[in-house]
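Novice: Handing over start02.cif, mmCIF, C-alpha atoms.
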```cif
data_work
loop_
_atom_site.group_PDB
_atom_site.id
_atom_site.type_symbol
_atom_site.label_atom_id
_atom_site.label_comp_id
_atom_site.auth_asym_id
_atom_site.auth_seq_id
_atom_site.Cartn_x
_atom_site.Cartn_y
_atom_site.Cartn_z
ATOM 1 C CA MET A 1 84.292 32.538 120.290
ATOM 2 C CA LYS A 2 86.018 31.389 123.473
ATOM 3 C CA TYR A 3 88.835 29.762 121.478
ATOM 4 C CA LYS A 4 89.361 32.894 119.345
ATOM 5 C CA THR A 5 89.868 34.987 122.482
ATOM 6 C CA THR A 6 92.332 32.460 123.927
ATOM 7 C CA LEU A 7 94.204 32.253 120.629
ATOM 8 C CA PHE A 8 94.341 36.051 120.406
ATOM 9 C CA LEU A 9 95.739 36.371 123.952
ATOM 10 C CA LEU A 10 98.390 33.697 123.343
ATOM 11 C CA THR A 11 99.451 35.415 120.105
ATOM 12 C CA LEU A 12 99.653 38.765 121.884
ATOM 13 C CA ILE A 13 101.772 37.328 124.723
ATOM 14 C CA GLY A 14 104.088 35.615 122.217
ATOM 15 C CA ALA A 15 104.559 38.864 120.295
ATOM 16 C CA ILE A 16 105.408 40.729 123.506
ATOM 17 C CA ILE A 17 107.966 38.092 124.520
ATOM 18 C CA LEU A 18 109.626 38.085 121.083
ATOM 19 C CA THR A 19 109.766 41.888 121.016
ATOM 20 C CA SER A 20 111.351 42.072 124.464
ATOM 21 C CA PHE A 21 114.087 39.618 123.445
ATOM 22 C CA SER A 22 114.927 41.583 120.305
ATOM 23 C CA PHE A 23 115.174 44.879 122.254
ATOM 24 C CA ALA A 24 117.266 43.238 124.982
ATOM 25 C CA SER A 25 119.883 42.084 122.489
ATOM 26 C CA VAL A 26 120.181 45.606 121.055
ATOM 27 C CA ALA A 27 120.546 47.177 124.509
ATOM 28 C CA PHE A 28 123.305 44.791 125.573
ATOM 29 C CA ASP A 29 125.212 45.141 122.291
ATOM 30 C CA ARG A 30 125.695 48.928 122.529
ATOM 31 C CA PRO A 31 128.176 49.039 125.483
ATOM 32 C CA ILE A 32 130.219 46.250 123.904
ATOM 33 C CA GLN A 33 130.403 48.232 120.666
ATOM 34 C CA GLU A 34 131.564 51.400 122.509
ATOM 35 C CA LYS A 35 134.231 49.363 124.317
ATOM 36 C CA ARG A 36 135.449 47.925 120.977
ATOM 37 C CA ILE A 37 135.838 51.418 119.527
ATOM 38 C CA GLN A 38 137.874 52.550 122.543
ATOM 39 C CA ASP A 39 140.039 49.393 122.399
ATOM 40 C CA SER A 40 140.674 49.744 118.676
ATOM 41 C CA ILE A 41 141.868 53.315 119.150
ATOM 42 C CA LYS A 42 144.368 52.214 121.765
ATOM 43 C CA LYS A 43 145.614 49.112 119.944
ATOM 44 C CA ASN A 44 146.024 50.692 116.529
ATOM 45 C CA ALA A 45 148.060 53.670 117.753
ATOM 46 C CA ALA A 46 145.101 56.028 117.442
ATOM 47 C CA LYS A 47 143.946 54.656 114.099
ATOM 48 C CA ASP A 48 140.337 55.511 113.169
ATOM 49 C CA THR A 49 138.662 52.195 112.276
ATOM 50 C CA LEU A 50 135.892 53.810 110.217
ATOM 51 C CA ASN A 51 138.072 55.814 107.817
ATOM 52 C CA ASN A 52 141.311 53.856 108.290
ATOM 53 C CA THR A 53 143.182 57.117 108.843
ATOM 54 C CA VAL A 54 145.479 58.169 111.662
ATOM 55 C CA LEU A 55 143.881 60.580 114.137
ATOM 56 C CA LYS A 56 145.717 63.813 114.811
ATOM 57 C CA PHE A 57 145.750 65.525 118.189
ATOM 58 C CA LYS A 58 146.387 69.120 119.214
ATOM 59 C CA LEU A 59 147.511 69.731 122.790
ATOM 60 C CA PHE A 60 144.867 71.690 124.684
ATOM 61 C CA LYS A 61 146.081 71.574 128.297
ATOM 62 C CA LYS A 62 148.667 69.691 130.344
ATOM 63 C CA ASN A 63 148.314 69.013 134.088
ATOM 64 C CA ALA A 64 144.549 69.551 133.918
ATOM 65 C CA HIS A 65 142.440 68.488 136.888
ATOM 66 C CA ALA A 66 139.702 65.995 135.916
ATOM 67 C CA SER A 67 136.803 64.656 137.969
ATOM 68 C CA TYR A 68 133.700 62.609 137.217
ATOM 69 C CA TYR A 69 129.945 63.128 137.382
ATOM 70 C CA ALA A 70 127.895 61.883 140.307
ATOM 71 C CA ASP A 71 125.318 59.192 139.545
ATOM 72 C CA LYS A 72 122.459 61.534 140.478
ATOM 73 C CA PHE A 73 122.840 63.363 137.136
ATOM 74 C CA THR A 74 122.010 60.276 135.042
ATOM 75 C CA GLY A 75 118.890 60.902 132.965
ATOM 76 C CA ARG A 76 118.946 64.684 133.334
ATOM 77 C CA ARG A 77 119.347 66.970 130.339
ATOM 78 C CA THR A 78 122.789 68.409 129.654
ATOM 79 C CA ALA A 79 123.472 71.952 128.463
ATOM 80 C CA SER A 80 123.537 70.667 124.866
ATOM 81 C CA GLY A 81 120.021 69.251 125.275
ATOM 82 C CA LYS A 82 121.007 65.578 125.273
ATOM 83 C CA ARG A 83 120.184 63.236 128.126
ATOM 84 C CA PHE A 84 123.151 62.510 130.364
ATOM 85 C CA ASP A 85 124.251 58.882 130.606
ATOM 86 C CA ASN A 86 127.091 57.981 132.970
ATOM 87 C CA SER A 87 127.858 54.854 130.925
ATOM 88 C CA LYS A 88 128.941 56.735 127.782
ATOM 89 C CA TYR A 89 132.131 58.518 126.793
ATOM 90 C CA THR A 90 131.144 62.165 127.239
ATOM 91 C CA ALA A 91 132.503 65.132 129.186
ATOM 92 C CA ALA A 92 131.771 68.647 130.380
ATOM 93 C CA HIS A 93 133.987 71.661 129.730
ATOM 94 C CA ARG A 94 133.386 75.345 130.428
ATOM 95 C CA LYS A 95 134.365 76.800 127.049
ATOM 96 C CA LEU A 96 134.881 74.139 124.358
ATOM 97 C CA PRO A 97 132.043 73.841 121.805
ATOM 98 C CA PHE A 98 129.565 70.969 122.047
ATOM 99 C CA GLY A 99 130.571 68.009 119.901
ATOM 100 C CA THR A 100 134.304 68.607 120.327
ATOM 101 C CA LYS A 101 136.176 65.319 120.637
ATOM 102 C CA LEU A 102 138.978 65.183 123.178
ATOM 103 C CA LYS A 103 141.615 62.634 124.050
ATOM 104 C CA VAL A 104 142.044 62.632 127.826
ATOM 105 C CA THR A 105 145.208 60.903 129.092
ATOM 106 C CA ASN A 106 145.961 60.060 132.713
ATOM 107 C CA GLU A 107 149.456 61.403 133.362
ATOM 108 C CA ALA A 108 150.179 58.850 136.086
ATOM 109 C CA ASN A 109 149.656 55.672 134.047
ATOM 110 C CA GLY A 110 149.377 56.775 130.388
ATOM 111 C CA LYS A 111 145.851 55.384 129.880
ATOM 112 C CA SER A 112 143.671 57.453 127.578
ATOM 113 C CA VAL A 113 140.076 57.723 126.409
ATOM 114 C CA ILE A 114 138.306 59.753 123.719
ATOM 115 C CA VAL A 115 135.243 61.711 124.864
ATOM 116 C CA VAL A 116 132.769 64.159 123.325
ATOM 117 C CA ILE A 117 131.821 67.465 124.978
ATOM 118 C CA THR A 118 128.064 67.474 125.715
ATOM 119 C CA ASP A 119 127.771 69.667 128.817
ATOM 120 C CA ARG A 120 129.091 72.743 130.620
ATOM 121 C CA GLY A 121 131.132 72.527 133.806
ATOM 122 C CA PRO A 122 132.782 71.685 136.133
ATOM 123 C CA PHE A 123 131.760 74.562 138.355
ATOM 124 C CA THR A 124 134.227 73.710 141.110
ATOM 125 C CA LYS A 125 137.237 76.006 141.201
ATOM 126 C CA GLY A 126 140.454 74.344 140.065
ATOM 127 C CA ARG A 127 138.842 71.608 137.964
ATOM 128 C CA ASP A 128 139.129 71.691 134.185
ATOM 129 C CA ILE A 129 136.986 68.818 132.898
ATOM 130 C CA ASP A 130 134.221 66.522 134.154
ATOM 131 C CA LEU A 131 134.210 63.018 132.666
ATOM 132 C CA THR A 132 131.484 60.419 132.801
ATOM 133 C CA LYS A 133 132.095 57.722 135.364
ATOM 134 C CA LYS A 134 132.755 55.146 132.637
ATOM 135 C CA ALA A 135 135.446 57.267 130.969
ATOM 136 C CA PHE A 136 136.999 58.237 134.299
ATOM 137 C CA MET A 137 137.201 54.670 135.625
ATOM 138 C CA GLU A 138 138.757 53.475 132.374
ATOM 139 C CA ILE A 139 141.772 55.773 132.779
ATOM 140 C CA ALA A 140 141.980 55.797 136.588
ATOM 141 C CA SER A 141 144.667 53.648 138.188
ATOM 142 C CA SER A 142 142.521 53.030 141.275
ATOM 143 C CA ARG A 143 138.753 52.887 141.612
ATOM 144 C CA TYR A 144 138.685 55.088 144.701
ATOM 145 C CA GLY A 145 139.880 58.532 143.619
ATOM 146 C CA GLY A 146 137.566 61.298 142.533
ATOM 147 C CA SER A 147 140.069 63.373 140.575
ATOM 148 C CA LEU A 148 143.103 62.947 138.322
ATOM 149 C CA LYS A 149 145.842 64.957 136.692
ATOM 150 C CA VAL A 150 145.328 64.564 132.941
ATOM 151 C CA THR A 151 146.516 65.856 129.607
ATOM 152 C CA ILE A 152 143.744 67.086 127.312
ATOM 153 C CA GLU A 153 144.228 66.918 123.537
ATOM 154 C CA GLU A 154 141.734 67.957 120.894
ATOM 155 C CA VAL A 155 141.032 65.398 118.145
ATOM 156 C CA LEU A 156 141.479 67.102 114.761
#
```
Show this structure as structure tokens.
Specialist:
Amino acid sequence: MKYKTTLFLLTLIGAIILTSFSFASVAFDRPIQEKRIQDSIKKNAAKDTLNNTVLKFKLFKKNAHASYYADKFTGRRTASGKRFDNSKYTAAHRKLPFGTKLKVTNEANGKSVIVVITDRGPFTKGRDIDLTKKAFMEIASSRYGGSLKVTIEEVL
């Protein structure tokens, strides 16, 4: 009986260790996959890798003022009902429908990123769009600024 209990505990510990390794590999793979999608859009002149078609953009606003979310909002629910994650490519806009994909381009250096609208805001006067920190830092020329002048284009 004593050996059965020991064997059971060792099996249980082994299963827990194996499960944690399999979940860890999935968690670390997701940001790499998002980065690959963003890179492929830039390298292939806005070519959609899933459908192998060229993406079309419609100008929404030039000289828009963009900022990024504070870290304190991570984990909270957005207006669309999804949990906010500062390490994804999402944004907040006052009027655009949820799920709208936008190409946001920094006017100073030409870097761009594609984001999805999942929240409402910004509620600061003079700002047009709030980006996640990951999206903002990818197009920012310096890591210090809290706002940028951007061009917003809707992905058709």
Novice: The PyMOL selection byres ((chain A and resi 59-68) around 8) - which residues does that actually catch in the file I just gave you? List them as a ChimeraX atom specification.
Specialist: /A:57-58,69-70,107,126-133,136,146-154
Novice: Would you save the residues of that selection, restricted to C-alpha atoms, as a PDB file, keeping the file's coordinate frame?
Specialist:
```pdb
ATOM      1  CA  PHE A  57     145.750  65.525 118.189  1.00  0.00           C
ATOM      2  CA  LYS A  58     146.387  69.120 119.214  1.00  0.00           C
ATOM      3  CA  TYR A  69     129.945  63.128 137.382  1.00  0.00           C
ATOM      4  CA  ALA A  70     127.895  61.883 140.307  1.00  0.00           C
ATOM      5  CA  GLU A 107     149.456  61.403 133.362  1.00  0.00           C
ATOM      6  CA  GLY A 126     140.454  74.344 140.065  1.00  0.00           C
ATOM      7  CA  ARG A 127     138.842  71.608 137.964  1.00  0.00           C
ATOM      8  CA  ASP A 128     139.129  71.691 134.185  1.00  0.00           C
ATOM      9  CA  ILE A 129     136.986  68.818 132.898  1.00  0.00           C
ATOM     10  CA  ASP A 130     134.221  66.522 134.154  1.00  0.00           C
ATOM     11  CA  LEU A 131     134.210  63.018 132.666  1.00  0.00           C
ATOM     12  CA  THR A 132     131.484  60.419 132.801  1.00  0.00           C
ATOM     13  CA  LYS A 133     132.095  57.722 135.364  1.00  0.00           C
ATOM     14  CA  PHE A 136     136.999  58.237 134.299  1.00  0.00           C
ATOM     15  CA  GLY A 146     137.566  61.298 142.533  1.00  0.00           C
ATOM     16  CA  SER A 147     140.069  63.373 140.575  1.00  0.00           C
ATOM     17  CA  LEU A 148     143.103  62.947 138.322  1.00  0.00           C
ATOM     18  CA  LYS A 149     145.842  64.957 136.692  1.00  0.00           C
ATOM     19  CA  VAL A 150     145.328  64.564 132.941  1.00  0.00           C
ATOM     20  CA  THR A 151     146.516  65.856 129.607  1.00  0.00           C
ATOM     21  CA  ILE A 152     143.744  67.086 127.312  1.00  0.00           C
ATOM     22  CA  GLU A 153     144.228  66.918 123.537  1.00  0.00           C
ATOM     23  CA  GLU A 154     141.734  67.957 120.894  1.00  0.00           C
TER      24      GLU A 154
END
```
Novice: If I put a ball of radius 6 Å at (130.7, 67.6, 131.6) in the file's coordinates, which residues poke into it when counting only C-alpha atoms, written as a CSV table (one decimal) with C-alpha atoms, in the coordinates of the input?
Specialist:
```csv
chain,number,residue,atom,x,y,z
A,91,ALA,CA,132.5,65.1,129.2
A,92,ALA,CA,131.8,68.6,130.4
A,93,HIS,CA,134.0,71.7,129.7
A,119,ASP,CA,127.8,69.7,128.8
A,120,ARG,CA,129.1,72.7,130.6
A,121,GLY,CA,131.1,72.5,133.8
A,130,ASP,CA,134.2,66.5,134.2
A,131,LEU,CA,134.2,63.0,132.7
```
Novice: Tell me which of A:Lys101, A:Arg94, A:Lys111, A:Lys56 sits closest to Phe123 of chain A, counting all atoms listed in the file.
Specialist: A:Arg94
Novice: So the first atom is atom CA of Glu138 of chain A and the second is atom CA of Phe98 of chain A; what is the distance between them in Å, to one decimal place?
Specialist: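 Value for the atom CA of Glu138 of chain A-atom CA of Phe98 of chain A distance: 22.3 Å.
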Novice: For each of A:Ile117, A:Ser142, A:Leu156, A:Lys134, take the minimum atom-to-atom distance to Asp71 of chain A, counting only C-alpha atoms, then give the residue where this is smallest.
Specialist: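 Closest to Asp71 of chain A of all the choices is A:Lys134.
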Novice: Expressed in Å to a single decimal, how great is the separation between atom CA of Tyr3 of chain A and atom CA of Ala15 of chain A?
Specialist: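 Result for atom CA of Tyr3 of chain A versus atom CA of Ala15 of chain A: 18.2 Å, one decimal.
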Novice: Any idea what the distance is between atom CA of Thr74 of chain A and atom CA of Gly110 of chain A?
Specialist: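 One can read the atom CA of Thr74 of chain A to atom CA of Gly110 of chain A distance as 28.0 Å.
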Novice: Evaluate the PyMOL selection byres ((chain A and resi 80) around 7) on the structure here and hand back the selected residues as a VMD selection string.
Specialist: chain A and resid 78 to 79 81 to 82 98 118 to 119
Novice: I'd like to see the residues matched by the PyMOL selection byres ((chain A and resi 88) around 8) on this file, and ideally I'd get them as a PyMOL selection string.
Specialist: chain A and resi 34+85-87+89-90+132+134-135
Novice: So that I can check the surroundings of Val113 of chain A, please list as a list in words every protein, DNA and RNA residue that reaches within 7 Å of it, counting only C-alpha atoms and ignoring chain neighbours fewer than 3 positions away.
Specialist: Gln38, Lys103, Val104, Thr105, Ala135 and Ile139 of chain A
